[in-house]
Amino acid sequence: MRYVPLLAGSLLLLAGCVSPSQPGYTVDDQPSADTSPAQAGACEYPSDGQAAKPVNPPSTTDVKTEGEAVATLHLTAGDVEITLDRATAPCTVNSFESLAKQGYFDDTACHRLTTDGIYVLQCGDPSATGSGGPGYSFADETNESMSYPPGTVAMANAGPDTNGSQFFLVWADSSQLPPDYTVFGMMDEAGLEVVAGIAAEGVALEDQTSPNAEAIIESVTLG
C-alpha cells in the first residue's frame, strides 16, 4: 500500500501493495500527456499478481473512446448513479464495465473512508483489505488539469500506472489531491447524497479506516 503526501504531514492510503509501515513517496515520473493509451492506439492490461476474486481481463478490441456510459452502484445505503467518461478515460471505463459485467464488485465492501484533509469513500477491493485487485493493471489516463470536486469518481493506485479495480468516490471537495488519479466518472446528485450520508456516520474507532455505516456494493448495473 502506498501513501500519498497531503497537507502538513497528513497521509492518505489510496491503494496498493506495500506495507502500511512504509513512508510516503513522491511521484517522479507521472504522465502528463493529454492523450490516453486507448486514444494513442490500444489499451493494455498486463497480469499483476493474484486476483482478489476470479475475473477475466477486459477485451482490448473495439474499446470505445467517445461518449458516455452510465453505471449504477446499488449500495446498501442507496443507489449511486455514475456517468462514465469514455472520451477522457477509455481504458479505465473499459475495465470498470468489464468488471461490473462479471460481477466482480457484487457483495463487496467499500473498505476505506477519509474524513480529514480529503474526503473519499474507497471501494472496489473484494478482499476489503485495501490491497486486493483484479490480477491485472493498466496505465494512468491523467492530465495536469485533473481535479477532484464533490461527485468525482477516480481510480485509486499504488503509484504510476498501477490501476486495478479500486476506485474512490469524492463526497466533499478534495482539491488537495495532486492530479495523479484517473478521473473516469461523476456521481449524480442523489448518489452524492448517499455517499455523504455514509461519511456523516464517521469511521470505526478500532481502525480509523472502515466506515461506521454499512457500505456494501450489492451489485452494479450498466446502462
# chains A, B, ... in the order shown; residues from 1 in each chain; ligands from 1

$ closest_atom_pairs --of "range 73-99 of chain A" --to "range 139-155 of chain A" --cutoff "9 Å" --atoms "only C-alpha atoms" --output "Markdown table"
| residue | atom | partner | partner_atom | distance |
| --- | --- | --- | --- | --- |
| A:Ile82 | CA | A:Val153 | CA | 7.9 |
| A:Leu84 | CA | A:Val153 | CA | 8.8 |
| A:Thr88 | CA | A:Glu141 | CA | 7.3 |
| A:Ala89 | CA | A:Glu141 | CA | 5.7 |
| A:Pro90 | CA | A:Glu141 | CA | 8.3 |
| A:Cys91 | CA | A:Glu141 | CA | 7.9 |
| A:Thr92 | CA | A:Glu141 | CA | 7.6 |

$ residues_around --residues "Phe167 in chain A" --least-positions-apart "5" --cutoff "12 Å" --atoms "only C-alpha atoms" --output "PyMOL selection string"
chain A and resi 14-16+92-93+95-96+105+110-113+120-125+130+132-133+152-158+181-185

$ atom_distance --atom1 "CA of Glu206 in chain A" --atom2 "CA of Thr129 in chain A"
14.7 Å

$ select_by_dssp --residues "range 18-218 of chain A" --states "alpha helix (DSSP H)" --output "ChimeraX atom specification"
/A:37-40,90-101,189-200

$ closest_residue --among "A:Asn56, A:Ser47, A:Thr72, A:Gln102" --to "Gly191 in chain A" --atoms "only C-alpha atoms"
A:Thr72

$ residues_around --residues "Asp107 in chain A" --least-positions-apart "5" --cutoff "8 Å" --atoms "only C-alpha atoms" --output "PDB file with all heavy atoms, in the first residue's frame"
ATOM      1  N   PRO A 126     -12.543  -6.695  -3.396  1.00  0.00           N
ATOM      2  CA  PRO A 126     -13.351  -7.761  -2.806  1.00  0.00           C
ATOM      3  C   PRO A 126     -12.802  -8.295  -1.485  1.00  0.00           C
ATOM      4  O   PRO A 126     -13.552  -8.837  -0.679  1.00  0.00           O
ATOM      5  CB  PRO A 126     -13.332  -8.851  -3.887  1.00  0.00           C
ATOM      6  CG  PRO A 126     -13.128  -8.111  -5.161  1.00  0.00           C
ATOM      7  CD  PRO A 126     -12.189  -6.989  -4.797  1.00  0.00           C
ATOM      8  N   ILE A 216     -21.888  -1.496   1.501  1.00  0.00           N
ATOM      9  CA  ILE A 216     -21.713  -2.685   0.685  1.00  0.00           C
ATOM     10  C   ILE A 216     -22.246  -2.412  -0.725  1.00  0.00           C
ATOM     11  O   ILE A 216     -23.373  -1.920  -0.883  1.00  0.00           O
ATOM     12  CB  ILE A 216     -22.463  -3.904   1.272  1.00  0.00           C
ATOM     13  CG1 ILE A 216     -22.046  -4.134   2.713  1.00  0.00           C
ATOM     14  CG2 ILE A 216     -22.228  -5.145   0.413  1.00  0.00           C
ATOM     15  CD1 ILE A 216     -20.642  -4.569   2.901  1.00  0.00           C
ATOM     16  N   ILE A 217     -21.440  -2.736  -1.748  1.00  0.00           N
ATOM     17  CA  ILE A 217     -21.953  -2.716  -3.114  1.00  0.00           C
ATOM     18  C   ILE A 217     -22.659  -4.046  -3.349  1.00  0.00           C
ATOM     19  O   ILE A 217     -22.012  -5.091  -3.462  1.00  0.00           O
ATOM     20  CB  ILE A 217     -20.816  -2.515  -4.144  1.00  0.00           C
ATOM     21  CG1 ILE A 217     -20.082  -1.213  -3.903  1.00  0.00           C
ATOM     22  CG2 ILE A 217     -21.382  -2.556  -5.569  1.00  0.00           C
ATOM     23  CD1 ILE A 217     -18.894  -1.001  -4.821  1.00  0.00           C
ATOM     24  N   GLU A 218     -23.974  -4.023  -3.417  1.00  0.00           N
ATOM     25  CA  GLU A 218     -24.718  -5.244  -3.638  1.00  0.00           C
ATOM     26  C   GLU A 218     -24.581  -5.723  -5.074  1.00  0.00           C
ATOM     27  O   GLU A 218     -24.470  -6.929  -5.340  1.00  0.00           O
ATOM     28  CB  GLU A 218     -26.187  -5.033  -3.267  1.00  0.00           C
ATOM     29  CG  GLU A 218     -26.394  -4.696  -1.792  1.00  0.00           C
ATOM     30  CD  GLU A 218     -27.829  -4.394  -1.441  1.00  0.00           C
ATOM     31  OE1 GLU A 218     -28.599  -3.957  -2.342  1.00  0.00           O
ATOM     32  OE2 GLU A 218     -28.208  -4.609  -0.267  1.00  0.00           O
ATOM     33  N   SER A 219     -24.598  -4.776  -6.000  1.00  0.00           N
ATOM     34  CA  SER A 219     -24.434  -5.099  -7.419  1.00  0.00           C
ATOM     35  C   SER A 219     -24.190  -3.808  -8.182  1.00  0.00           C
ATOM     36  O   SER A 219     -24.327  -2.719  -7.645  1.00  0.00           O
ATOM     37  CB  SER A 219     -25.681  -5.815  -7.982  1.00  0.00           C
ATOM     38  OG  SER A 219     -26.824  -4.962  -7.912  1.00  0.00           O
TER      39      SER A 219
END

$ residues_around --residues "Ala87 in chain A" --least-positions-apart "5" --cutoff "8 Å" --atoms "only C-alpha atoms" --output "PyMOL selection string"
chain A and resi 65-68

$ write_last_selection --atoms "N, CA and C atoms" --output "compact mmCIF listing (two decimals), in the first residue's frame"
# COMPACT_ATOMS: atom_id res chain seq x y z
N THR A 65 -13.95 5.00 -27.36
CA THR A 65 -13.16 6.18 -26.97
C THR A 65 -13.96 7.48 -27.08
N GLU A 66 -15.25 7.38 -27.26
CA GLU A 66 -16.09 8.57 -27.37
C GLU A 66 -17.36 8.40 -26.54
N GLY A 67 -17.93 9.52 -26.15
CA GLY A 67 -19.22 9.50 -25.49
C GLY A 67 -19.17 9.10 -24.03
N GLU A 68 -20.36 8.82 -23.49
CA GLU A 68 -20.50 8.49 -22.08
C GLU A 68 -21.29 7.20 -21.92

$ closest_residue --among "A:Ala42, A:Ala128, A:Thr115, A:Gly223" --to "Gln166 in chain A" --atoms "only C-alpha atoms"
A:Ala128

$ residues_around --residues "Val55 in chain A" --least-positions-apart "2" --cutoff "10 Å" --atoms "only C-alpha atoms" --output "list in words"
Ala51, Ala52, Lys53, Pro57, Pro58, Ser98, Leu99, Gln102, Gly103, Tyr104, Pro134, Gly135 and Tyr136 of chain A

$ closest_residue --among "A:Leu205, A:Val220, A:Val80, A:Leu75" --to "Asp188 in chain A" --atoms "only C-alpha atoms"
A:Val80

$ atom_distance --atom1 "CA of Asn163 in chain A" --atom2 "CA of Glu201 in chain A"
28.8 Å

$ decode --residues "range 72-176 of chain A" --atoms "C-alpha atoms" --output "PDB file, in the first residue's frame"
ATOM      1  CA  THR A  72     -25.289   2.373 -11.043  1.00  0.00           C
ATOM      2  CA  LEU A  73     -23.761   1.165  -7.810  1.00  0.00           C
ATOM      3  CA  HIS A  74     -26.515  -0.452  -5.753  1.00  0.00           C
ATOM      4  CA  LEU A  75     -25.231   0.227  -2.241  1.00  0.00           C
ATOM      5  CA  THR A  76     -26.984  -0.911   0.902  1.00  0.00           C
ATOM      6  CA  ALA A  77     -27.397   2.796   1.704  1.00  0.00           C
ATOM      7  CA  GLY A  78     -28.910   3.649  -1.692  1.00  0.00           C
ATOM      8  CA  ASP A  79     -28.144   3.858  -5.390  1.00  0.00           C
ATOM      9  CA  VAL A  80     -25.226   5.835  -6.789  1.00  0.00           C
ATOM     10  CA  GLU A  81     -25.521   6.583 -10.490  1.00  0.00           C
ATOM     11  CA  ILE A  82     -22.236   7.340 -12.239  1.00  0.00           C
ATOM     12  CA  THR A  83     -21.784   8.911 -15.656  1.00  0.00           C
ATOM     13  CA  LEU A  84     -18.681   7.265 -17.114  1.00  0.00           C
ATOM     14  CA  ASP A  85     -16.464   9.375 -19.373  1.00  0.00           C
ATOM     15  CA  ARG A  86     -15.173   7.211 -22.223  1.00  0.00           C
ATOM     16  CA  ALA A  87     -13.529  10.127 -24.001  1.00  0.00           C
ATOM     17  CA  THR A  88     -11.320  11.072 -21.046  1.00  0.00           C
ATOM     18  CA  ALA A  89     -10.579   7.583 -19.711  1.00  0.00           C
ATOM     19  CA  PRO A  90     -11.478   4.891 -22.273  1.00  0.00           C
ATOM     20  CA  CYS A  91      -9.185   2.179 -20.869  1.00  0.00           C
ATOM     21  CA  THR A  92     -10.429   2.799 -17.345  1.00  0.00           C
ATOM     22  CA  VAL A  93     -14.093   2.748 -18.338  1.00  0.00           C
ATOM     23  CA  ASN A  94     -13.482  -0.376 -20.429  1.00  0.00           C
ATOM     24  CA  SER A  95     -12.012  -2.116 -17.378  1.00  0.00           C
ATOM     25  CA  PHE A  96     -14.728  -0.904 -14.998  1.00  0.00           C
ATOM     26  CA  GLU A  97     -17.503  -2.074 -17.310  1.00  0.00           C
ATOM     27  CA  SER A  98     -15.820  -5.455 -17.788  1.00  0.00           C
ATOM     28  CA  LEU A  99     -15.503  -5.972 -14.035  1.00  0.00           C
ATOM     29  CA  ALA A 100     -19.113  -4.898 -13.480  1.00  0.00           C
ATOM     30  CA  LYS A 101     -20.418  -7.287 -16.137  1.00  0.00           C
ATOM     31  CA  GLN A 102     -18.550 -10.159 -14.477  1.00  0.00           C
ATOM     32  CA  GLY A 103     -19.999  -9.352 -11.051  1.00  0.00           C
ATOM     33  CA  TYR A 104     -16.597  -8.523  -9.611  1.00  0.00           C
ATOM     34  CA  PHE A 105     -17.948  -5.684  -7.461  1.00  0.00           C
ATOM     35  CA  ASP A 106     -21.029  -7.580  -6.259  1.00  0.00           C
ATOM     36  CA  ASP A 107     -21.317  -8.040  -2.483  1.00  0.00           C
ATOM     37  CA  THR A 108     -18.100  -6.140  -1.757  1.00  0.00           C
ATOM     38  CA  ALA A 109     -17.477  -3.601   0.987  1.00  0.00           C
ATOM     39  CA  CYS A 110     -16.244  -0.065   0.458  1.00  0.00           C
ATOM     40  CA  HIS A 111     -13.365  -0.524   2.852  1.00  0.00           C
ATOM     41  CA  ARG A 112     -11.962   2.960   3.475  1.00  0.00           C
ATOM     42  CA  LEU A 113     -13.433   6.308   4.420  1.00  0.00           C
ATOM     43  CA  THR A 114     -11.414   9.511   4.851  1.00  0.00           C
ATOM     44  CA  THR A 115     -12.861  12.481   6.717  1.00  0.00           C
ATOM     45  CA  ASP A 116      -9.923  14.830   7.214  1.00  0.00           C
ATOM     46  CA  GLY A 117      -7.969  16.751   4.562  1.00  0.00           C
ATOM     47  CA  ILE A 118      -9.511  14.807   1.711  1.00  0.00           C
ATOM     48  CA  TYR A 119     -12.946  13.255   1.605  1.00  0.00           C
ATOM     49  CA  VAL A 120     -13.386   9.955  -0.193  1.00  0.00           C
ATOM     50  CA  LEU A 121     -15.060   6.574   0.141  1.00  0.00           C
ATOM     51  CA  GLN A 122     -12.856   3.892  -1.399  1.00  0.00           C
ATOM     52  CA  CYS A 123     -14.316   0.746  -2.940  1.00  0.00           C
ATOM     53  CA  GLY A 124     -13.511  -1.984  -5.449  1.00  0.00           C
ATOM     54  CA  ASP A 125     -11.481  -4.462  -3.376  1.00  0.00           C
ATOM     55  CA  PRO A 126     -13.351  -7.761  -2.806  1.00  0.00           C
ATOM     56  CA  SER A 127     -10.919  -8.619   0.000  1.00  0.00           C
ATOM     57  CA  ALA A 128     -11.754  -5.347   1.814  1.00  0.00           C
ATOM     58  CA  THR A 129      -8.107  -5.105   2.862  1.00  0.00           C
ATOM     59  CA  GLY A 130      -7.045  -2.245   0.596  1.00  0.00           C
ATOM     60  CA  SER A 131      -4.545  -4.452  -1.230  1.00  0.00           C
ATOM     61  CA  GLY A 132      -6.828  -6.587  -3.413  1.00  0.00           C
ATOM     62  CA  GLY A 133      -7.107  -6.187  -7.169  1.00  0.00           C
ATOM     63  CA  PRO A 134      -8.272  -7.939 -10.353  1.00  0.00           C
ATOM     64  CA  GLY A 135      -4.951  -9.613 -11.170  1.00  0.00           C
ATOM     65  CA  TYR A 136      -4.050  -7.070 -13.854  1.00  0.00           C
ATOM     66  CA  SER A 137      -3.029  -3.427 -14.029  1.00  0.00           C
ATOM     67  CA  PHE A 138      -3.277  -0.645 -16.579  1.00  0.00           C
ATOM     68  CA  ALA A 139      -1.874   2.762 -17.353  1.00  0.00           C
ATOM     69  CA  ASP A 140      -2.963   6.102 -15.926  1.00  0.00           C
ATOM     70  CA  GLU A 141      -5.211   8.345 -18.004  1.00  0.00           C
ATOM     71  CA  THR A 142      -4.378  11.587 -16.252  1.00  0.00           C
ATOM     72  CA  ASN A 143      -3.539  15.158 -17.190  1.00  0.00           C
ATOM     73  CA  GLU A 144      -2.436  18.250 -15.296  1.00  0.00           C
ATOM     74  CA  SER A 145      -5.939  19.745 -15.281  1.00  0.00           C
ATOM     75  CA  MET A 146      -7.482  16.783 -13.409  1.00  0.00           C
ATOM     76  CA  SER A 147      -9.229  17.805 -10.181  1.00  0.00           C
ATOM     77  CA  TYR A 148     -11.421  16.186  -7.537  1.00  0.00           C
ATOM     78  CA  PRO A 149     -14.557  18.201  -6.704  1.00  0.00           C
ATOM     79  CA  PRO A 150     -17.536  16.594  -4.932  1.00  0.00           C
ATOM     80  CA  GLY A 151     -19.070  13.836  -7.026  1.00  0.00           C
ATOM     81  CA  THR A 152     -15.831  12.793  -8.727  1.00  0.00           C
ATOM     82  CA  VAL A 153     -15.158   9.091  -9.293  1.00  0.00           C
ATOM     83  CA  ALA A 154     -11.479   8.249  -9.756  1.00  0.00           C
ATOM     84  CA  MET A 155      -9.081   5.327  -9.654  1.00  0.00           C
ATOM     85  CA  ALA A 156      -7.008   4.565  -6.575  1.00  0.00           C
ATOM     86  CA  ASN A 157      -3.461   3.446  -7.281  1.00  0.00           C
ATOM     87  CA  ALA A 158      -0.128   2.457  -5.765  1.00  0.00           C
ATOM     88  CA  GLY A 159       1.972   4.715  -7.959  1.00  0.00           C
ATOM     89  CA  PRO A 160       2.165   5.454 -11.695  1.00  0.00           C
ATOM     90  CA  ASP A 161       0.353   3.006 -13.991  1.00  0.00           C
ATOM     91  CA  THR A 162      -0.803   0.637 -11.233  1.00  0.00           C
ATOM     92  CA  ASN A 163      -4.561   0.948 -11.706  1.00  0.00           C
ATOM     93  CA  GLY A 164      -6.627  -2.152 -10.988  1.00  0.00           C
ATOM     94  CA  SER A 165     -10.138  -2.355  -9.545  1.00  0.00           C
ATOM     95  CA  GLN A 166     -10.069   0.047  -6.596  1.00  0.00           C
ATOM     96  CA  PHE A 167     -11.737   3.418  -7.037  1.00  0.00           C
ATOM     97  CA  PHE A 168     -12.870   6.250  -4.819  1.00  0.00           C
ATOM     98  CA  LEU A 169     -16.000   8.372  -4.556  1.00  0.00           C
ATOM     99  CA  VAL A 170     -15.350  12.010  -3.616  1.00  0.00           C
ATOM    100  CA  TRP A 171     -18.076  13.200  -1.220  1.00  0.00           C
ATOM    101  CA  ALA A 172     -16.606  16.660  -0.445  1.00  0.00           C
ATOM    102  CA  ASP A 173     -14.038  18.864  -2.142  1.00  0.00           C
ATOM    103  CA  SER A 174     -10.652  17.146  -2.281  1.00  0.00           C
ATOM    104  CA  SER A 175      -8.744  19.616  -4.410  1.00  0.00           C
ATOM    105  CA  GLN A 176      -5.667  18.988  -2.242  1.00  0.00           C
TER     106      GLN A 176
END
